[in-house]
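**Q** What follows is the file run_39.pdb, containing PDB, C-alpha atoms:
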ATOM      1  CA  GLU A   1       1.158  -3.700  21.032
ATOM      2  CA  THR A   2      -1.757  -4.501  18.727
ATOM      3  CA  GLY A   3      -1.503  -3.938  15.003
ATOM      4  CA  VAL A   4      -3.951  -2.277  12.647
ATOM      5  CA  THR A   5      -7.341  -3.982  12.703
ATOM      6  CA  GLN A   6     -10.208  -3.619  10.251
ATOM      7  CA  SER A   7     -13.842  -4.677  10.266
ATOM      8  CA  PRO A   8     -15.678  -6.343   8.787
ATOM      9  CA  THR A   9     -13.472  -8.862   7.001
ATOM     10  CA  HIS A  10     -15.880  -9.358   4.131
ATOM     11  CA  LEU A  11     -18.953  -7.484   2.984
ATOM     12  CA  ILE A  12     -21.456  -7.953   0.175
ATOM     13  CA  LYS A  13     -23.608  -5.033  -0.966
ATOM     14  CA  THR A  14     -25.771  -4.243  -3.953
ATOM     15  CA  ARG A  15     -25.327  -1.369  -6.368
ATOM     16  CA  GLY A  16     -26.646   1.944  -5.010
ATOM     17  CA  GLN A  17     -26.279   0.982  -1.349
ATOM     18  CA  GLN A  18     -24.023   2.660   1.188
ATOM     19  CA  VAL A  19     -21.242   1.023   3.195
ATOM     20  CA  THR A  20     -19.131   1.886   6.242
ATOM     21  CA  LEU A  21     -15.768   0.259   6.874
ATOM     22  CA  ARG A  22     -13.887   0.605  10.137
ATOM     23  CA  CYS A  23     -10.231   0.753  11.112
ATOM     24  CA  SER A  24      -8.429   0.812  14.441
ATOM     25  CA  SER A  25      -4.941   2.209  14.169
ATOM     26  CA  GLN A  26      -1.889   0.694  15.770
ATOM     27  CA  SER A  27      -1.238   1.875  19.314
ATOM     28  CA  GLY A  28       0.463   5.290  19.319
ATOM     29  CA  HIS A  29      -0.314   6.027  15.663
ATOM     30  CA  ASN A  30      -2.215   9.251  15.043
ATOM     31  CA  THR A  31      -2.588   9.195  11.261
ATOM     32  CA  VAL A  32      -4.742   6.875   9.160
ATOM     33  CA  SER A  33      -4.678   6.441   5.382
ATOM     34  CA  TRP A  34      -7.148   4.467   3.275
ATOM     35  CA  TYR A  35      -6.323   2.622   0.061
ATOM     36  CA  GLN A  36      -8.404   0.723  -2.495
ATOM     37  CA  GLN A  37      -6.861  -2.403  -4.015
ATOM     38  CA  ALA A  38      -8.667  -3.828  -7.016
ATOM     39  CA  LEU A  39      -8.044  -7.474  -7.841
ATOM     40  CA  GLY A  40      -4.598  -7.986  -9.338
ATOM     41  CA  GLN A  41      -3.555  -4.367  -8.894
ATOM     42  CA  GLY A  42      -1.577  -2.264  -6.464
ATOM     43  CA  PRO A  43      -3.332  -0.243  -3.771
ATOM     44  CA  GLN A  44      -4.539   3.256  -4.705
ATOM     45  CA  PHE A  45      -4.555   6.112  -2.185
ATOM     46  CA  ILE A  46      -8.050   7.312  -1.273
ATOM     47  CA  PHE A  47      -7.365   9.805   1.538
ATOM     48  CA  GLN A  48      -5.613  10.371   4.833
ATOM     49  CA  TYR A  49      -6.912  11.557   8.186
ATOM     50  CA  TYR A  50      -4.872  13.400  10.785
ATOM     51  CA  ARG A  51      -6.252  15.184  13.840
ATOM     52  CA  GLU A  52      -9.759  14.198  12.768
ATOM     53  CA  GLU A  53      -9.500  16.078   9.478
ATOM     54  CA  GLU A  54      -8.828  15.007   5.886
ATOM     55  CA  ASN A  55      -5.137  15.612   5.197
ATOM     56  CA  GLY A  56      -4.790  14.691   1.529
ATOM     57  CA  ARG A  57      -6.957  12.964  -1.051
ATOM     58  CA  GLY A  58      -6.351  10.830  -4.109
ATOM     59  CA  ASN A  59      -8.375  10.722  -7.309
ATOM     60  CA  PHE A  60     -11.617   9.450  -5.795
ATOM     61  CA  PRO A  61     -15.094  11.034  -6.068
ATOM     62  CA  PRO A  62     -16.837  12.771  -3.123
ATOM     63  CA  ARG A  63     -19.049   9.725  -2.509
ATOM     64  CA  PHE A  64     -15.948   8.337  -0.783
ATOM     65  CA  SER A  65     -15.771  10.058   2.598
ATOM     66  CA  GLY A  66     -14.248   9.390   5.964
ATOM     67  CA  LEU A  67     -14.019  10.182   9.621
ATOM     68  CA  GLN A  68     -11.348  10.002  12.269
ATOM     69  CA  PHE A  69     -12.237   9.799  15.935
ATOM     70  CA  PRO A  70     -10.371  11.160  19.006
ATOM     71  CA  ASN A  71      -8.915   7.695  19.650
ATOM     72  CA  TYR A  72      -7.447   7.844  16.083
ATOM     73  CA  SER A  73      -9.713   5.090  14.752
ATOM     74  CA  SER A  74     -11.294   5.814  11.393
ATOM     75  CA  GLU A  75     -14.222   5.035   9.138
ATOM     76  CA  LEU A  76     -14.472   4.942   5.358
ATOM     77  CA  ASN A  77     -17.926   5.589   3.939
ATOM     78  CA  VAL A  78     -18.894   4.927   0.349
ATOM     79  CA  ASN A  79     -22.268   6.100  -0.946
ATOM     80  CA  ALA A  80     -24.130   5.046  -4.088
ATOM     81  CA  LEU A  81     -22.032   1.914  -4.537
ATOM     82  CA  GLU A  82     -20.989   0.985  -8.058
ATOM     83  CA  LEU A  83     -19.841  -2.397  -9.371
ATOM     84  CA  ASP A  84     -16.292  -1.007  -9.796
ATOM     85  CA  ASP A  85     -16.140  -0.319  -6.061
ATOM     86  CA  SER A  86     -15.620  -4.046  -5.530
ATOM     87  CA  ALA A  87     -12.117  -4.245  -4.054
ATOM     88  CA  LEU A  88     -10.007  -4.823  -0.970
ATOM     89  CA  TYR A  89     -10.049  -1.696   1.179
ATOM     90  CA  LEU A  90      -6.898  -1.230   3.205
ATOM     91  CA  CYS A  91      -6.288   0.987   6.168
ATOM     92  CA  ALA A  92      -2.761   2.045   7.106
ATOM     93  CA  SER A  93      -1.635   3.875  10.213
ATOM     94  CA  SER A  94       1.462   5.988  10.766
ATOM     95  CA  PRO A  95       3.196   6.921  14.010
ATOM     96  CA  LEU A  96       4.303  10.466  13.265
ATOM     97  CA  ALA A  97       2.437  13.752  13.219
ATOM     98  CA  GLY A  98       1.139  14.526   9.758
ATOM     99  CA  GLY A  99       1.934  11.033   8.555
ATOM    100  CA  GLY A 100       5.219   9.197   8.686
ATOM    101  CA  ASN A 101       7.181   7.312   6.077
ATOM    102  CA  GLU A 102       6.392   3.957   7.603
ATOM    103  CA  GLN A 103       2.774   2.986   7.056
ATOM    104  CA  PHE A 104       1.487  -0.166   8.683
ATOM    105  CA  PHE A 105      -1.373  -1.864   6.872
ATOM    106  CA  GLY A 106      -4.299  -3.786   8.248
ATOM    107  CA  PRO A 107      -5.594  -7.011   6.681
ATOM    108  CA  GLY A 108      -8.258  -5.163   4.712
ATOM    109  CA  THR A 109     -11.991  -5.446   4.130
ATOM    110  CA  ARG A 110     -13.070  -7.303   1.003
ATOM    111  CA  LEU A 111     -16.093  -5.476  -0.469
ATOM    112  CA  THR A 112     -18.159  -7.111  -3.178
ATOM    113  CA  VAL A 113     -20.795  -5.022  -4.970
ATOM    114  CA  LEU A 114     -23.450  -6.999  -6.856
TER
ATOM    115  CA  GLN B   1       3.141  11.961 -13.479
ATOM    116  CA  GLN B   2       2.258   9.869 -10.429
ATOM    117  CA  GLN B   3       2.706   6.462 -12.040
ATOM    118  CA  VAL B   4       5.154   3.827 -10.878
ATOM    119  CA  LYS B   5       5.813   1.092 -13.444
ATOM    120  CA  GLN B   6       6.765  -2.375 -12.193
ATOM    121  CA  SER B   7       8.070  -5.452 -13.985
ATOM    122  CA  PRO B   8       7.854  -8.357 -14.404
ATOM    123  CA  GLN B   9       4.221  -9.142 -13.674
ATOM    124  CA  SER B  10       5.170 -12.640 -12.551
ATOM    125  CA  LEU B  11       8.425 -14.382 -11.728
ATOM    126  CA  ILE B  12       9.318 -18.011 -11.116
ATOM    127  CA  VAL B  13      12.636 -18.776  -9.421
ATOM    128  CA  GLN B  14      14.250 -21.952  -8.138
ATOM    129  CA  LYS B  15      15.027 -22.234  -4.445
ATOM    130  CA  GLY B  16      18.378 -20.619  -3.753
ATOM    131  CA  GLY B  17      18.198 -18.390  -6.821
ATOM    132  CA  ILE B  18      18.103 -14.614  -7.088
ATOM    133  CA  SER B  19      14.781 -12.825  -7.640
ATOM    134  CA  ILE B  20      14.945  -9.392  -9.266
ATOM    135  CA  ILE B  21      12.016  -6.991  -9.576
ATOM    136  CA  ASN B  22      12.311  -3.635 -11.289
ATOM    137  CA  CYS B  23      10.442  -0.343 -10.977
ATOM    138  CA  ALA B  24      10.602   3.013 -12.729
ATOM    139  CA  TYR B  25       9.060   6.368 -11.901
ATOM    140  CA  GLU B  26       8.668   9.805 -13.452
ATOM    141  CA  ASN B  27       7.747  12.148 -10.620
ATOM    142  CA  THR B  28      10.907  13.705  -9.162
ATOM    143  CA  ALA B  29       8.921  14.772  -6.078
ATOM    144  CA  PHE B  30       9.006  11.188  -4.808
ATOM    145  CA  ASP B  31      11.371  11.072  -1.824
ATOM    146  CA  TYR B  32      10.931   7.644  -0.269
ATOM    147  CA  PHE B  33      10.787   4.279  -1.995
ATOM    148  CA  PRO B  34       9.494   1.272  -0.039
ATOM    149  CA  TRP B  35       8.900  -2.308  -1.091
ATOM    150  CA  TYR B  36       5.937  -4.216   0.287
ATOM    151  CA  GLN B  37       5.274  -7.950   0.489
ATOM    152  CA  GLN B  38       1.706  -9.189   0.403
ATOM    153  CA  PHE B  39       0.446 -12.703   1.070
ATOM    154  CA  PRO B  40      -3.056 -13.792  -0.003
ATOM    155  CA  GLY B  41      -5.703 -12.496   2.370
ATOM    156  CA  LYS B  42      -3.282 -10.142   4.115
ATOM    157  CA  GLY B  43      -2.436  -6.480   3.907
ATOM    158  CA  PRO B  44       0.911  -5.339   2.482
ATOM    159  CA  ALA B  45       3.843  -5.517   4.897
ATOM    160  CA  LEU B  46       6.847  -3.212   4.645
ATOM    161  CA  LEU B  47       9.916  -5.165   3.565
ATOM    162  CA  ILE B  48      12.631  -2.591   3.004
ATOM    163  CA  ALA B  49      12.812   1.060   1.946
ATOM    164  CA  ILE B  50      15.331   3.548   0.573
ATOM    165  CA  ARG B  51      15.738   7.294   0.182
ATOM    166  CA  PRO B  52      16.954   8.768  -3.134
ATOM    167  CA  ASP B  53      20.261   9.976  -1.665
ATOM    168  CA  VAL B  54      21.370   6.356  -1.173
ATOM    169  CA  SER B  55      22.269   4.024  -4.051
ATOM    170  CA  GLU B  56      21.891   0.731  -2.237
ATOM    171  CA  LYS B  57      20.400  -0.658   0.956
ATOM    172  CA  LYS B  58      20.708  -4.196   2.201
ATOM    173  CA  GLU B  59      18.743  -5.943   4.924
ATOM    174  CA  GLY B  60      19.444  -9.636   5.233
ATOM    175  CA  ARG B  61      18.632 -11.337   1.927
ATOM    176  CA  PHE B  62      16.863  -8.254   0.555
ATOM    177  CA  THR B  63      18.665  -5.445  -1.296
ATOM    178  CA  ILE B  64      17.319  -2.302  -2.945
ATOM    179  CA  SER B  65      19.371  -0.754  -5.731
ATOM    180  CA  PHE B  66      18.485   2.842  -6.600
ATOM    181  CA  ASN B  67      19.468   4.805  -9.709
ATOM    182  CA  LYS B  68      18.342   8.399  -9.262
ATOM    183  CA  SER B  69      19.463   9.634 -12.690
ATOM    184  CA  ALA B  70      17.590   6.823 -14.449
ATOM    185  CA  LYS B  71      14.611   7.083 -12.071
ATOM    186  CA  GLN B  72      14.732   3.357 -11.503
ATOM    187  CA  PHE B  73      14.969   1.101  -8.484
ATOM    188  CA  SER B  74      14.978  -2.621  -8.006
ATOM    189  CA  LEU B  75      14.575  -5.305  -5.358
ATOM    190  CA  HIS B  76      16.959  -8.224  -5.223
ATOM    191  CA  ILE B  77      16.081 -11.271  -3.132
ATOM    192  CA  MET B  78      19.127 -13.446  -2.611
ATOM    193  CA  ASP B  79      18.892 -17.164  -1.816
ATOM    194  CA  SER B  80      15.162 -17.128  -2.574
ATOM    195  CA  GLN B  81      13.067 -19.490  -0.460
ATOM    196  CA  PRO B  82       9.604 -21.030  -1.007
ATOM    197  CA  GLY B  83       8.379 -18.887   1.913
ATOM    198  CA  ASP B  84       9.221 -15.804  -0.150
ATOM    199  CA  SER B  85       6.419 -16.730  -2.573
ATOM    200  CA  ALA B  86       4.129 -13.705  -2.420
ATOM    201  CA  THR B  87       3.188 -10.596  -4.350
ATOM    202  CA  TYR B  88       5.713  -7.768  -4.160
ATOM    203  CA  PHE B  89       4.868  -4.119  -4.695
ATOM    204  CA  CYS B  90       7.236  -1.253  -5.192
ATOM    205  CA  ALA B  91       5.957   2.126  -4.107
ATOM    206  CA  ALA B  92       6.968   5.757  -4.006
ATOM    207  CA  MET B  93       5.987   8.423  -1.525
ATOM    208  CA  ALA B  94       5.526  12.164  -1.848
ATOM    209  CA  GLY B  95       3.644  15.100  -0.378
ATOM    210  CA  SER B  96       2.765  16.237   3.094
ATOM    211  CA  ALA B  97       0.207  13.424   3.381
ATOM    212  CA  ARG B  98       3.033  10.961   2.572
ATOM    213  CA  GLN B  99       0.816   9.441  -0.096
ATOM    214  CA  LEU B 100       2.034   6.108  -1.453
ATOM    215  CA  THR B 101       1.849   5.397  -5.186
ATOM    216  CA  PHE B 102       2.154   1.672  -5.821
ATOM    217  CA  GLY B 103       3.361  -0.325  -8.770
ATOM    218  CA  SER B 104       1.125  -3.007 -10.241
ATOM    219  CA  GLY B 105       2.796  -5.863  -8.365
ATOM    220  CA  THR B 106       4.953  -8.915  -9.121
ATOM    221  CA  GLN B 107       3.757 -12.370  -8.201
ATOM    222  CA  LEU B 108       6.846 -14.315  -7.130
ATOM    223  CA  THR B 109       6.850 -18.097  -7.000
ATOM    224  CA  VAL B 110       9.888 -19.859  -5.561
ATOM    225  CA  LEU B 111       9.990 -23.524  -6.478
ATOM    226  CA  PRO B 112      11.285 -25.987  -3.858
TER
END
Mind turning this structure into structure tokens?
**A**
Amino acid sequence: ETGVTQSPTHLIKTRGQQVTLRCSSQSGHNTVSWYQQALGQGPQFIFQYYREEENGRGNFPPRFSGLQFPNYSSELNVNALELDDSALYLCASSPLAGGGNEQFFGPGTRLTVL
Amino acid sequence: QQQVKQSPQSLIVQKGGISIINCAYENTAFDYFPWYQQFPGKGPALLIAIRPDVSEKKEGRFTISFNKSAKQFSLHIMDSQPGDSATYFCAAMAGSARQLTFGSGTQLTVLP
């Protein structure tokens, strides 16, 4: 059984650019949540995807958007990058319909915005 | 209020000692309280979790104590080991999306 994987590991972009981050959920998990972790802080909930639709959103602007595919993998897209978007982006998958209590995190993608 | 407050920010313990990390919350809608361990360059890993109808849960060297009336919960690490050196996050979960709200983290260093 493979765990949650994310790509790329690291990414450097400039302000105003767009970025796409990818996540493959753990086998059998149908729900994916995305979190942003700024340096020295706890992760903050961005949104969750279940059955290919957004199923809850945190306090993030619309330039943060996502997709979930039929195989339950997911993408996080961020448009018009700002310096404050520099962070570790974490994907977490859950095994139960609608999201379960146990969320399994991937290693994250480190995004640096210059 | 969605905030979860965590203390201390950093903690240094001798090998074999007890590490204690505290968290407090305001939102009574929270119904699940996990603790995560994170090593540098890795994602958070679930350590132990508790529901608010239980006052204590123990798994090996790790114990959660939960005080529902005070809206506080804590993690105790018994017989702390150098391998326990990591950042620990308390969290609370609510809503149909099972959204996690994290504390700010505690960097634990266990001296050999």
**Q** Smallest atom-to-atom distance to chain A: which of B:Gln37, B:Thr101, B:Thr28, B:Gln14, using all atoms listed in the file?
**A**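 Looking only at the distances to chain A, the closest residue turns out to be B:Thr101.
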**Q** Around the point (1.0, 5.4, 12.4), in the coordinates given by the file, pick out the residues reaching within 8 Å, counting all atoms listed in the file, and return them as a compact mmCIF listing (two decimals) with C-alpha atoms, in the frame of the given file.
**A**
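As a result, result06.txt now contains:
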# COMPACT_ATOMS: atom_id res chain seq x y z
CA SER A 25 -4.94 2.21 14.17
CA GLN A 26 -1.89 0.69 15.77
CA GLY A 28 0.46 5.29 19.32
CA HIS A 29 -0.31 6.03 15.66
CA ASN A 30 -2.22 9.25 15.04
CA THR A 31 -2.59 9.20 11.26
CA VAL A 32 -4.74 6.88 9.16
CA ALA A 92 -2.76 2.04 7.11
CA SER A 93 -1.64 3.88 10.21
CA SER A 94 1.46 5.99 10.77
CA PRO A 95 3.20 6.92 14.01
CA LEU A 96 4.30 10.47 13.26
CA GLY A 99 1.93 11.03 8.56
CA GLY A 100 5.22 9.20 8.69
CA GLU A 102 6.39 3.96 7.60
CA GLN A 103 2.77 2.99 7.06
CA PHE A 104 1.49 -0.17 8.68
**Q** Taking only C-alpha atoms into account, which of A:Asn77, A:Ser86, A:Gln37, A:Thr112 comes nearest chain B?
**A**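 The shortest atom-to-atom distance to chain B comes from A:Gln37.
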**Q** Using the chain letters and numbers from this file, what does the ChimeraX specification (/B :<12) & /A select? Give the answer as number ranges by chain.
**A** A: 3-6, 9-10, 31-50, 53-59, 88-94, 96-110
**Q** Let's have the selection written as a PDB file, keeping the file's coordinate frame, with C-alpha atoms.
**A**
ATOM      1  CA  GLY A   3      -1.503  -3.938  15.003  1.00  0.00           C
ATOM      2  CA  VAL A   4      -3.951  -2.277  12.647  1.00  0.00           C
ATOM      3  CA  THR A   5      -7.341  -3.982  12.703  1.00  0.00           C
ATOM      4  CA  GLN A   6     -10.208  -3.619  10.251  1.00  0.00           C
ATOM      5  CA  THR A   9     -13.472  -8.862   7.001  1.00  0.00           C
ATOM      6  CA  HIS A  10     -15.880  -9.358   4.131  1.00  0.00           C
ATOM      7  CA  THR A  31      -2.588   9.195  11.261  1.00  0.00           C
ATOM      8  CA  VAL A  32      -4.742   6.875   9.160  1.00  0.00           C
ATOM      9  CA  SER A  33      -4.678   6.441   5.382  1.00  0.00           C
ATOM     10  CA  TRP A  34      -7.148   4.467   3.275  1.00  0.00           C
ATOM     11  CA  TYR A  35      -6.323   2.622   0.061  1.00  0.00           C
ATOM     12  CA  GLN A  36      -8.404   0.723  -2.495  1.00  0.00           C
ATOM     13  CA  GLN A  37      -6.861  -2.403  -4.015  1.00  0.00           C
ATOM     14  CA  ALA A  38      -8.667  -3.828  -7.016  1.00  0.00           C
ATOM     15  CA  LEU A  39      -8.044  -7.474  -7.841  1.00  0.00           C
ATOM     16  CA  GLY A  40      -4.598  -7.986  -9.338  1.00  0.00           C
ATOM     17  CA  GLN A  41      -3.555  -4.367  -8.894  1.00  0.00           C
ATOM     18  CA  GLY A  42      -1.577  -2.264  -6.464  1.00  0.00           C
ATOM     19  CA  PRO A  43      -3.332  -0.243  -3.771  1.00  0.00           C
ATOM     20  CA  GLN A  44      -4.539   3.256  -4.705  1.00  0.00           C
ATOM     21  CA  PHE A  45      -4.555   6.112  -2.185  1.00  0.00           C
ATOM     22  CA  ILE A  46      -8.050   7.312  -1.273  1.00  0.00           C
ATOM     23  CA  PHE A  47      -7.365   9.805   1.538  1.00  0.00           C
ATOM     24  CA  GLN A  48      -5.613  10.371   4.833  1.00  0.00           C
ATOM     25  CA  TYR A  49      -6.912  11.557   8.186  1.00  0.00           C
ATOM     26  CA  TYR A  50      -4.872  13.400  10.785  1.00  0.00           C
ATOM     27  CA  GLU A  53      -9.500  16.078   9.478  1.00  0.00           C
ATOM     28  CA  GLU A  54      -8.828  15.007   5.886  1.00  0.00           C
ATOM     29  CA  ASN A  55      -5.137  15.612   5.197  1.00  0.00           C
ATOM     30  CA  GLY A  56      -4.790  14.691   1.529  1.00  0.00           C
ATOM     31  CA  ARG A  57      -6.957  12.964  -1.051  1.00  0.00           C
ATOM     32  CA  GLY A  58      -6.351  10.830  -4.109  1.00  0.00           C
ATOM     33  CA  ASN A  59      -8.375  10.722  -7.309  1.00  0.00           C
ATOM     34  CA  LEU A  88     -10.007  -4.823  -0.970  1.00  0.00           C
ATOM     35  CA  TYR A  89     -10.049  -1.696   1.179  1.00  0.00           C
ATOM     36  CA  LEU A  90      -6.898  -1.230   3.205  1.00  0.00           C
ATOM     37  CA  CYS A  91      -6.288   0.987   6.168  1.00  0.00           C
ATOM     38  CA  ALA A  92      -2.761   2.045   7.106  1.00  0.00           C
ATOM     39  CA  SER A  93      -1.635   3.875  10.213  1.00  0.00           C
ATOM     40  CA  SER A  94       1.462   5.988  10.766  1.00  0.00           C
ATOM     41  CA  LEU A  96       4.303  10.466  13.265  1.00  0.00           C
ATOM     42  CA  ALA A  97       2.437  13.752  13.219  1.00  0.00           C
ATOM     43  CA  GLY A  98       1.139  14.526   9.758  1.00  0.00           C
ATOM     44  CA  GLY A  99       1.934  11.033   8.555  1.00  0.00           C
ATOM     45  CA  GLY A 100       5.219   9.197   8.686  1.00  0.00           C
ATOM     46  CA  ASN A 101       7.181   7.312   6.077  1.00  0.00           C
ATOM     47  CA  GLU A 102       6.392   3.957   7.603  1.00  0.00           C
ATOM     48  CA  GLN A 103       2.774   2.986   7.056  1.00  0.00           C
ATOM     49  CA  PHE A 104       1.487  -0.166   8.683  1.00  0.00           C
ATOM     50  CA  PHE A 105      -1.373  -1.864   6.872  1.00  0.00           C
ATOM     51  CA  GLY A 106      -4.299  -3.786   8.248  1.00  0.00           C
ATOM     52  CA  PRO A 107      -5.594  -7.011   6.681  1.00  0.00           C
ATOM     53  CA  GLY A 108      -8.258  -5.163   4.712  1.00  0.00           C
ATOM     54  CA  THR A 109     -11.991  -5.446   4.130  1.00  0.00           C
ATOM     55  CA  ARG A 110     -13.070  -7.303   1.003  1.00  0.00           C
TER      56      ARG A 110
END
**Q** Where does the PyMOL selection byres ((chain B and resi 69) around 12) land in this file, that is, which residues does it pick, as a ChimeraX atom specification?
**A** /B:24-26,28,52-53,55,66-68,70-73
**Q** Between CA of Leu108 (chain B) and CA of Ser85 (chain B), what is the spacing in Å?
**A**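 Between these atoms lies a distance of 5.2 Å.
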**Q** Report, in Å with one decimal, the straight-line distance from CA of Arg51 (chain B) to CA of Ala29 (chain B).
**A**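 These atoms are spaced 11.9 Å apart.
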**Q** So the first atom is CA of Trp35 (chain B) and the second is CA of Ile18 (chain B); what is the distance between them in Å, to one decimal place?
**A**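 Going from CA of Trp35 (chain B) over to CA of Ile18 (chain B) covers 16.5 Å.
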**Q** Write out as AutoDock Vina command-line options an axis-aligned box for region 64-78 of chain B: all of its atoms listed in the file, 6 Å added on each side, centre and edge lengths in Å with one decimal.
**A**
--center_x 17.0 --center_y -1.9 --center_z -8.5 --size_x 16.9 --size_y 35.1 --size_z 23.8
**Q** Would you mind writing region 41-48 of chain A with all heavy atoms, as a PDB file, in the coordinates of the input?
**A**
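Result file follows (rebuild-v7.pdb):
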ATOM      1  N   GLN A  41      -4.187  -5.674  -8.737  1.00  0.00           N
ATOM      2  CA  GLN A  41      -3.555  -4.367  -8.894  1.00  0.00           C
ATOM      3  C   GLN A  41      -2.934  -3.903  -7.576  1.00  0.00           C
ATOM      4  O   GLN A  41      -3.170  -4.485  -6.523  1.00  0.00           O
ATOM      5  CB  GLN A  41      -4.587  -3.343  -9.368  1.00  0.00           C
ATOM      6  CG  GLN A  41      -5.172  -3.637 -10.735  1.00  0.00           C
ATOM      7  CD  GLN A  41      -6.142  -2.567 -11.186  1.00  0.00           C
ATOM      8  OE1 GLN A  41      -6.073  -1.423 -10.734  1.00  0.00           O
ATOM      9  NE2 GLN A  41      -7.037  -2.926 -12.082  1.00  0.00           N
ATOM     10  N   GLY A  42      -2.135  -2.860  -7.667  1.00  0.00           N
ATOM     11  CA  GLY A  42      -1.577  -2.264  -6.464  1.00  0.00           C
ATOM     12  C   GLY A  42      -2.595  -1.367  -5.786  1.00  0.00           C
ATOM     13  O   GLY A  42      -3.529  -0.888  -6.413  1.00  0.00           O
ATOM     14  N   PRO A  43      -2.417  -1.132  -4.492  1.00  0.00           N
ATOM     15  CA  PRO A  43      -3.332  -0.243  -3.771  1.00  0.00           C
ATOM     16  C   PRO A  43      -3.284   1.181  -4.325  1.00  0.00           C
ATOM     17  O   PRO A  43      -2.239   1.648  -4.762  1.00  0.00           O
ATOM     18  CB  PRO A  43      -2.804  -0.290  -2.334  1.00  0.00           C
ATOM     19  CG  PRO A  43      -2.034  -1.569  -2.247  1.00  0.00           C
ATOM     20  CD  PRO A  43      -1.425  -1.755  -3.599  1.00  0.00           C
ATOM     21  N   GLN A  44      -4.446   1.848  -4.282  1.00  0.00           N
ATOM     22  CA  GLN A  44      -4.539   3.256  -4.705  1.00  0.00           C
ATOM     23  C   GLN A  44      -4.984   4.101  -3.514  1.00  0.00           C
ATOM     24  O   GLN A  44      -5.950   3.747  -2.831  1.00  0.00           O
ATOM     25  CB  GLN A  44      -5.544   3.405  -5.840  1.00  0.00           C
ATOM     26  CG  GLN A  44      -5.016   2.964  -7.192  1.00  0.00           C
ATOM     27  CD  GLN A  44      -5.912   3.453  -8.321  1.00  0.00           C
ATOM     28  OE1 GLN A  44      -7.057   3.049  -8.422  1.00  0.00           O
ATOM     29  NE2 GLN A  44      -5.394   4.350  -9.133  1.00  0.00           N
ATOM     30  N   PHE A  45      -4.296   5.215  -3.318  1.00  0.00           N
ATOM     31  CA  PHE A  45      -4.555   6.112  -2.185  1.00  0.00           C
ATOM     32  C   PHE A  45      -5.912   6.777  -2.334  1.00  0.00           C
ATOM     33  O   PHE A  45      -6.207   7.391  -3.368  1.00  0.00           O
ATOM     34  CB  PHE A  45      -3.449   7.164  -2.133  1.00  0.00           C
ATOM     35  CG  PHE A  45      -3.604   8.216  -1.068  1.00  0.00           C
ATOM     36  CD1 PHE A  45      -3.381   7.904   0.264  1.00  0.00           C
ATOM     37  CD2 PHE A  45      -3.933   9.507  -1.411  1.00  0.00           C
ATOM     38  CE1 PHE A  45      -3.491   8.878   1.241  1.00  0.00           C
ATOM     39  CE2 PHE A  45      -4.054  10.494  -0.439  1.00  0.00           C
ATOM     40  CZ  PHE A  45      -3.828  10.176   0.883  1.00  0.00           C
ATOM     41  N   ILE A  46      -6.746   6.647  -1.273  1.00  0.00           N
ATOM     42  CA  ILE A  46      -8.050   7.312  -1.273  1.00  0.00           C
ATOM     43  C   ILE A  46      -7.942   8.642  -0.551  1.00  0.00           C
ATOM     44  O   ILE A  46      -8.188   9.699  -1.106  1.00  0.00           O
ATOM     45  CB  ILE A  46      -9.129   6.422  -0.614  1.00  0.00           C
ATOM     46  CG1 ILE A  46      -9.228   5.080  -1.329  1.00  0.00           C
ATOM     47  CG2 ILE A  46     -10.481   7.156  -0.625  1.00  0.00           C
ATOM     48  CD1 ILE A  46     -10.187   4.091  -0.650  1.00  0.00           C
ATOM     49  N   PHE A  47      -7.595   8.589   0.746  1.00  0.00           N
ATOM     50  CA  PHE A  47      -7.365   9.805   1.538  1.00  0.00           C
ATOM     51  C   PHE A  47      -6.680   9.454   2.840  1.00  0.00           C
ATOM     52  O   PHE A  47      -6.504   8.286   3.180  1.00  0.00           O
ATOM     53  CB  PHE A  47      -8.658  10.599   1.810  1.00  0.00           C
ATOM     54  CG  PHE A  47      -9.849   9.790   2.240  1.00  0.00           C
ATOM     55  CD1 PHE A  47      -9.798   8.914   3.300  1.00  0.00           C
ATOM     56  CD2 PHE A  47     -11.059   9.932   1.573  1.00  0.00           C
ATOM     57  CE1 PHE A  47     -10.903   8.182   3.687  1.00  0.00           C
ATOM     58  CE2 PHE A  47     -12.167   9.209   1.954  1.00  0.00           C
ATOM     59  CZ  PHE A  47     -12.099   8.333   3.014  1.00  0.00           C
ATOM     60  N   GLN A  48      -6.270  10.522   3.545  1.00  0.00           N
ATOM     61  CA  GLN A  48      -5.613  10.371   4.833  1.00  0.00           C
ATOM     62  C   GLN A  48      -6.315  11.254   5.857  1.00  0.00           C
ATOM     63  O   GLN A  48      -6.783  12.349   5.533  1.00  0.00           O
ATOM     64  CB  GLN A  48      -4.140  10.782   4.740  1.00  0.00           C
ATOM     65  CG  GLN A  48      -3.378  10.607   6.046  1.00  0.00           C
ATOM     66  CD  GLN A  48      -1.992  11.212   5.974  1.00  0.00           C
ATOM     67  OE1 GLN A  48      -1.785  12.408   6.183  1.00  0.00           O
ATOM     68  NE2 GLN A  48      -1.016  10.372   5.664  1.00  0.00           N
TER      69      GLN A  48
END
